[in-house]
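Worksheet: one structure, shown below.
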Amino acid sequence: MPASIKLKSARVVAAHRPNAGKQHLSHDELLQIYYFMRLTREFEESIITLYRQGKIIGGAFSGNGNEATAVGSAFCLKIEDYLFPMHRDLGAHFVKGQTVRNLMLQHLGRGNSPARGRDGTGHYADSSLRIYGNISHLAAMIPVATGVALASKLRKEKSVVMTYIGDGGSNVGDFHESLAMCSVMKLPLVLIVENNQYAYSTPIAKQFIVEKISDRAIGYGIPGFTIDGTDVDEVYAVSKQAVDRARRGDGPTLIESVTMRMHGHSVNDGAEYVPKKLLDKWKKKDPLLKIEKQLEDKKILSRVIKSDYERKISEEIQEAIQFALESPYPPAGDAAVGVFAE
Amino acid sequence: MAVVSYIDAISMGLWEEMERDSSVFLLGEDIGEYGGAFKVTKGFLNHFGSDRVIDSVLAESAILGAATGAALVGMKPVAEMQFADFVTCGFNQLVSNSATMHYRWNLPVPMVVRLPSGAGIHGGPFHSRNPEAWFFHQPGLKLVAPSTPYDAKGLIKAAIRDPNPVLYFEHKRLYRHIKGEVPNDDFVVEIGKGDIKRNGRDISVVTYGSVVHAALEAADILEKQDGVSVEVLDLRSLMPFDKELILTSVRKTGKVLIAHEDTITGGIGGEIAALIAEFAFQSLDAPIKRVGAIDTPTPFAPTLEEFFLPTKEKIVTALRGLAAF
Amino acid sequence: MAIVDVIMPQMGESIAEGTITKWYKKVGDKIAKDETLLEISTDKVDSEIPSPSAGLVAELLFPEQKTVDVHTVIARIQTDVHAPLNPEPELVQGNTQSLNPEAASVLHSSPEPANIKHSVSAETNRFFSPLVMNIARAEGISMGELEEVPGSGANNRVSKKDIMEYIEHKKSRPESAHVKTSTAAAPTGGVEVIKMDTMRKAIAEHMVRSVHTSAHVGSVTEADVSKIVAYREKHKADFEKKEGFKLTFTPFFVDVVVKAIKDFPLINASVDGDSIILRKDINVGVAVALENGLIVPVVKHAAGKDFAGLARAVNDLSNRARTKKLMPDEVQGGTFTITNPGIFGNLFGFPIINQPQVAILGVGAIKKRPVVIDDAIAIRSMVYISMSYDHRIIDGALGGKFLQQIVHYLENYDLEIMN
């Protein structure tokens with residue numbers, strides 16, 4: 001049992017996944033997953049704070065409660081796989097190799113952010129990491145992810161595309177058109193529906209009458225699974241299965257990961273419409289607490305490691321905030337250039 | 001050099017590009033086995049195989065989104081909307097994704113969307129659209145509209161080679177009605193460059209697509225019957241469009257008629273008129289005139305559609321009005 | 001030491017203000033970074049606001065329950081370290097390239113001049129297009145000249161074709177169409193220069209001034225003067241024996257003019273600004289041709305003279321006119337003039353009004369002509385009479401009627417009285 005684990009940079013983690021062939025996670029891998037989940041939680045808290053201080057403008061989103069789904073699923077991906085995350089999947093960005101600094105720059109809309117200030121939050125793309133961020137129209141990126149999966153198949157690449165959508169978003173036409181295309185053409189897509197009980201203020205009872213969203217998979221003749229989105233092991237295992245299936249060329253999988261949206265839709269939403277009892281129930285299932293307890297029980301996570309991680313995470317985030325605050329906005333005239341590729 | 005129909009010129013161009021670049025592939029409904037609703041891609045499946053000629057599910061948003069995704073990672077998809085009218089089903093993909101990705105992400109999206117468009121074939125309101133104006137207004141999309149077989153071949157090649165999303169408006173009525181000389185070699189018509197199809201001194205007609213032919217006939221009538229010399233400028237590219245060519249022509253003649261088959265209000269003719277008014281005001285010897293379809297959905301009955309469309313006669317009338325001003 | 005501002009954040013795109021519900025600290029309290037400083041309430045959400053810095057609370061600028069606009073500074077923290085930047089870094093005003101380099105080049109390529117004159121002249125209703133104005137300006141054609149250019153466009157609009165043709169035409173003619181006052185080309189060979197004498201100068205000045213003063217208009221009529229001709233034939237020998245001078249036709253015309261003026265007194269007037277001066281005396285000038293010019297002696301108070309008196313006056317004045325023995329007041333004060341373009345055999349003339357009069361009568365040659373009387377052809381002594389008059393005060397109706405009155409008196413001359 002190592003006293004402290006040498007943290008590799010996220011990019012290195014993404015590049016080398018020694019146990020990637022196995023279904024089960026090693027202790028090291030679990031610690032890495034824990035790190036990413038903790039990082040995600042702290043990062044988003046800092047974003048909310050910055051927003052309330054007026055340093056982040058526009059809006060901010062929180063994936064509080066979704067950390068296990070985002071991190072656990074992305075952890076299955078290889079470096080050649082493609083990630084199309086949604087706005088509560090920040091953890092997936094980190095797993096795929098994105099830096100804290102870059103995501104902080106993104107949120108602060110600076111000129112040296114990945115999107116050069118032209119779009120904020122997670123709406124950026126980094127083709128070297130094969131991360132393609134979402135746009136505000138929900139489900140609109142699923143057809144694009146489908147196209148990337150198509151390209152992968154046509155070029156015989158064996159790379160897999162993982163993307164996400166919410167419970168409400170799974171009603172959008174693009175969700176269905178994409179599944180139609182992927183299923184018929186056996187495209188290597190893993191589509192994870194994050195059922196966090198609410199689409200803005202609309203509870204799932206008003207979105208669909210099926211018991212499980214994963215039942216929609218039956219309509220497309222593909223495998224569908226409903227899983228506990230707060231359990232990293234379950235998330236990883238089912239996602240891994242889906243990724244392997246896609247890589248084999250057998251087609252897409254629909255995974256419904258059940259969690260709770262612990263905060264409002266955005267930082268501007270007080271979410272009074274969520275019954276307090278529901279929140280209290282899910283608070284007990286906080287994925288971060290869950291994995292902490294799990295690792296502590298298994299004696300994988302010691303207090304030393306935990307505080308070491310906390311310190312490193314805090315430093316990394318503070319450094320990123322400082323760096324971003326000192327970075328300039330893009331020059332005004334930049335707005336006019338770059339509509340077309342030369 | 002061969003005399004080839006407009007539709008065959010498109011097929012020629014597509015074929016040559018697919019031979020030339022293995023990353024080019026086709027995606028659309030009924031384009032493989034069936035050869036396409038208009039038979040543009042007849043024979044392609046046999047020759048290029050099902051990995052390059054893909055019969056898609058019936059889902060325009062998925063088609064356009066998938067084309068965007070494939071282009072994003074370096075392939076060159078040519079998506080087909082069976083009729084231009086159906087592009088509205090995938091409108092969001094084009095204007096929110098395809099058009100904005102380079103601006104936001106600095107990543108090129110080298111895709112082409114072929115849109116069989118236009119009226120005059122008794123298609124009714126949903127098989128007759130000229131939807132270019134909506135996309136003209138979206139920064140990040142290029143638009144082309146050839147009127148001749150030569151331009152059709154040259155522009156499909158240029159569109160495929162362009163690293164940006166290009167909407168290719170092929171006019172259905174011209175498919176088999178228009179024939180012309182098309183070189184067999186690998187030539188490209190530069191996107192953004194118009195073409196003077198007929199030189200003239202007295203009036204400029206700025207036009208594109210199917211109306212080019214009506215304009216040429218009208219110009220002939222004015223020459224023979226009225227002794228008025230009309231210049232016909234074929235835009236060929238709608239975005240970007242050849243501003244210099246337009247202004248040069250107007251400065252020469254002093255009178256201009258803008259004509260397109262799209263409905264008049266909000267059609268791109270208005271933008272061209274504003275450009276001329278702003279930058280060639282001092283050269284104008286008459287108000288800028290426009291001819292377009294009337295502001296209704298495309299009606300079905302032949303008498304209604306005739307009234308709806310801009311015809312050679314309507315262009316002649318407009319030109320005569322300008323000549324007499 | 002530095003002061004850090006705490007601002008009211010914007011909790012949502014549409015939120016414009018927030019209410020301070022509770023301050024968690026007092027002025028002077030210590031506060032840690034990210035520690036809650038206050039709680040706010042907005043339309044959308046209630047929120048705790050963390051402090052941007054560690055330090056001491058220096059100022060709380062608004063009380064609880066106060067609503068302020070977003071981005072307002074609501075508190076200040078005094079830090080004891082080099083403070084981080086204020087929330088909003090200065091927007092770097094980078095290079096402000098023109099929006100669209102393509103558009104800019106189009107703009108620059110346009111050769112449009114900066115100042116544009118109005119197409120519609122203040123004094124005219126004609127419309128001139130921007131192109132025509134441009135061409136006119138380039139060719140140095142003034143607005144006044146432009147207004148005269150004929151137009152073949154709609155509503156007689158001057159089109160590009162019209163102005164180009166006009167310019168062509170102008171270039172191909174050696175002299176210009178309109179009057180130029182001082183374009184004296186130096187005389188070359190084949191030319192004789194004659195200096196004008198006083199009379200010539202005066203005539204030239206008077207004629208030009210008259211044309212520029214009066215709105216000349218003319219009417220022509222003919223009169224059957226056979227009776228007068230016959231009478232003169234019959235009595236001229238007796239007249240000459242009695243009076244000592246030949247009887248000409250002039251006194252007949254003077255007499256008739258006087259009678260007609262009595263019927264139409266407005267003919268005997270002049271114009272002063274926007275007043276019409278009606279003259280009571282009828283002073284008839286009679287133009288006399290001289291060797292190198294002409295002169296118009298005036299028969300004063302012609303209305304008071306009988307036929308013989310008129311004849312004597314005309315004779316006397318004409319003689320002395322030819323011998324240059326007229327007195328100054330004998331060539332002034334006329335109210336009407338008669339001139340004789342028929343003296344050399346011409347049919348009629350277009351005389352210029354003798355200022356400040358408003359009408360002048362031109363009498364043509366009396367000739368025998370076939371005329372129709374009661375549907376039969378007769379040979380009569382006819383004379384054309386033309387009158388130029390000033391349309392400022394004499395309209396065509398009046399001028400025409402006056403002329404016809406003269407015809408009436410001529411054709412019905414009371415010859416009995418004369419015997």
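Chain labels run A, B, ... following the order of the structure tokens; each chain numbers its residues from 1, and ligands are numbered from 1 in the order shown.
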Could you please tell me, as a list in words, which residues of chain B have an atom within 8 Å of chain C when using only C-alpha atoms? Lys243, Glu244, Gly254, Phe279, Ala280, Phe281, Gln282, Ser283, Leu284, Asp285, Ala286, Ala324 and Phe325 of chain B
Stretch 97-310 of chain A: residues DSSP assigns to strand (DSSP E), reported as number ranges by chain: A: 125-126, 131-132, 161-166, 189-195, 198-199, 202-203, 224-228, 253-258
Mind running chain B against chain A at 6 Å and telling me each contacting residue's nearest atom pair with the distance in Å (one decimal), counting only C-alpha atoms, chain and number ascending, as CSV?
```
residue,atom,partner,partner_atom,distance
B:Val57,CA,A:Met181,CA,5.9
B:Ala59,CA,A:Glu177,CA,5.6
B:Ala62,CA,A:Pro143,CA,4.9
B:Gly65,CA,A:Pro143,CA,4.5
B:Ala66,CA,A:Gly147,CA,3.4
B:Ala67,CA,A:Gly147,CA,5.8
B:Thr68,CA,A:Val144,CA,5.8
B:Gly69,CA,A:Val144,CA,4.1
B:Ala70,CA,A:Gly147,CA,4.6
B:Tyr103,CA,A:Val339,CA,4.7
B:Arg104,CA,A:Arg118,CA,5.2
B:Trp105,CA,A:Ala115,CA,5.4
B:Pro108,CA,A:Ala341,CA,5.8
B:Gly140,CA,A:Val339,CA,5.3
```
Keeping C-alpha atoms for every residue in the selection just given, could you write it to a file as a compact mmCIF listing (two decimals), in the first residue's frame?
```txt
# COMPACT_ATOMS: atom_id res chain seq x y z
CA VAL B 57 -31.60 6.32 -42.99
CA ALA B 59 -33.08 11.48 -41.08
CA ALA B 62 -28.54 12.95 -38.68
CA GLY B 65 -24.78 16.25 -38.42
CA ALA B 66 -22.94 13.10 -39.45
CA ALA B 67 -21.47 14.88 -42.45
CA THR B 68 -20.31 17.59 -40.08
CA GLY B 69 -18.73 15.08 -37.73
CA ALA B 70 -16.99 13.17 -40.49
CA TYR B 103 -15.07 30.27 -36.05
CA ARG B 104 -15.40 28.82 -32.55
CA TRP B 105 -12.96 25.96 -32.66
CA PRO B 108 -12.27 23.21 -40.71
CA GLY B 140 -19.67 30.35 -41.97
```
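For the pair atom CA of A:Ala246 and atom CA of A:Ile204, the interatomic distance is 28.8 Å.
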Provide as a PyMOL selection string the residues of chain A at most 12 Å from chain C, counting only C-alpha atoms. chain A and resi 45-61+108-111+264-272+318+321-340
Give me the residues within 10 Å of C:Val211 as a count of residues only, counting only C-alpha atoms and dropping any in the same chain fewer than 3 places off. 11
Nearby residues (only C-alpha atoms) at most 10 Å from B:Val212, same-chain spacing under 3 positions excluded, as number ranges by chain: B: 146-148, 197, 205-209, 215-218, 232-236, 259-261, 312
Please run DSSP on the backbone and report, as a VMD selection string, all residues within stretch 105-243 of chain B that come out as alpha helix (DSSP H). chain B and resid 105 132 to 136 149 to 161 174 to 177 211 to 221 243
Write out the residues from the selection above, keeping C-alpha atoms, as a tab-separated table (two decimals), in the first residue's frame.
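The result, written out as part.tsv:
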```tsv
chain	number	residue	atom	x	y	z
B	105	TRP	CA	-12.96	25.96	-32.66
B	132	GLU	CA	-30.50	29.97	-50.22
B	133	ALA	CA	-31.56	33.16	-48.42
B	134	TRP	CA	-31.70	31.52	-45.00
B	135	PHE	CA	-28.18	30.21	-45.35
B	136	PHE	CA	-26.89	33.35	-47.04
B	149	PRO	CA	-23.03	22.47	-67.20
B	150	TYR	CA	-19.57	24.00	-67.26
B	151	ASP	CA	-20.16	25.86	-64.02
B	152	ALA	CA	-21.90	22.86	-62.49
B	153	LYS	CA	-18.87	20.65	-62.92
B	154	GLY	CA	-16.38	23.34	-61.98
B	155	LEU	CA	-18.27	24.32	-58.87
B	156	ILE	CA	-18.90	20.82	-57.48
B	157	LYS	CA	-15.17	20.25	-57.68
B	158	ALA	CA	-14.41	23.55	-56.05
B	159	ALA	CA	-16.97	22.87	-53.34
B	160	ILE	CA	-15.48	19.49	-52.50
B	161	ARG	CA	-11.99	20.92	-52.34
B	174	LEU	CA	-31.92	22.63	-65.57
B	175	TYR	CA	-30.84	19.00	-65.09
B	176	ARG	CA	-31.84	17.71	-68.47
B	177	HIS	CA	-32.93	20.91	-70.21
B	211	VAL	CA	-33.04	32.71	-64.19
B	212	VAL	CA	-29.74	33.18	-66.04
B	213	HIS	CA	-31.34	31.52	-69.04
B	214	ALA	CA	-34.48	33.62	-68.93
B	215	ALA	CA	-32.29	36.69	-68.61
B	216	LEU	CA	-30.26	35.72	-71.66
B	217	GLU	CA	-33.43	35.24	-73.69
B	218	ALA	CA	-34.78	38.56	-72.50
B	219	ALA	CA	-31.50	40.25	-73.40
B	220	ASP	CA	-31.77	38.83	-76.89
B	221	ILE	CA	-35.28	40.23	-77.28
B	243	LYS	CA	-18.99	42.32	-55.45
```
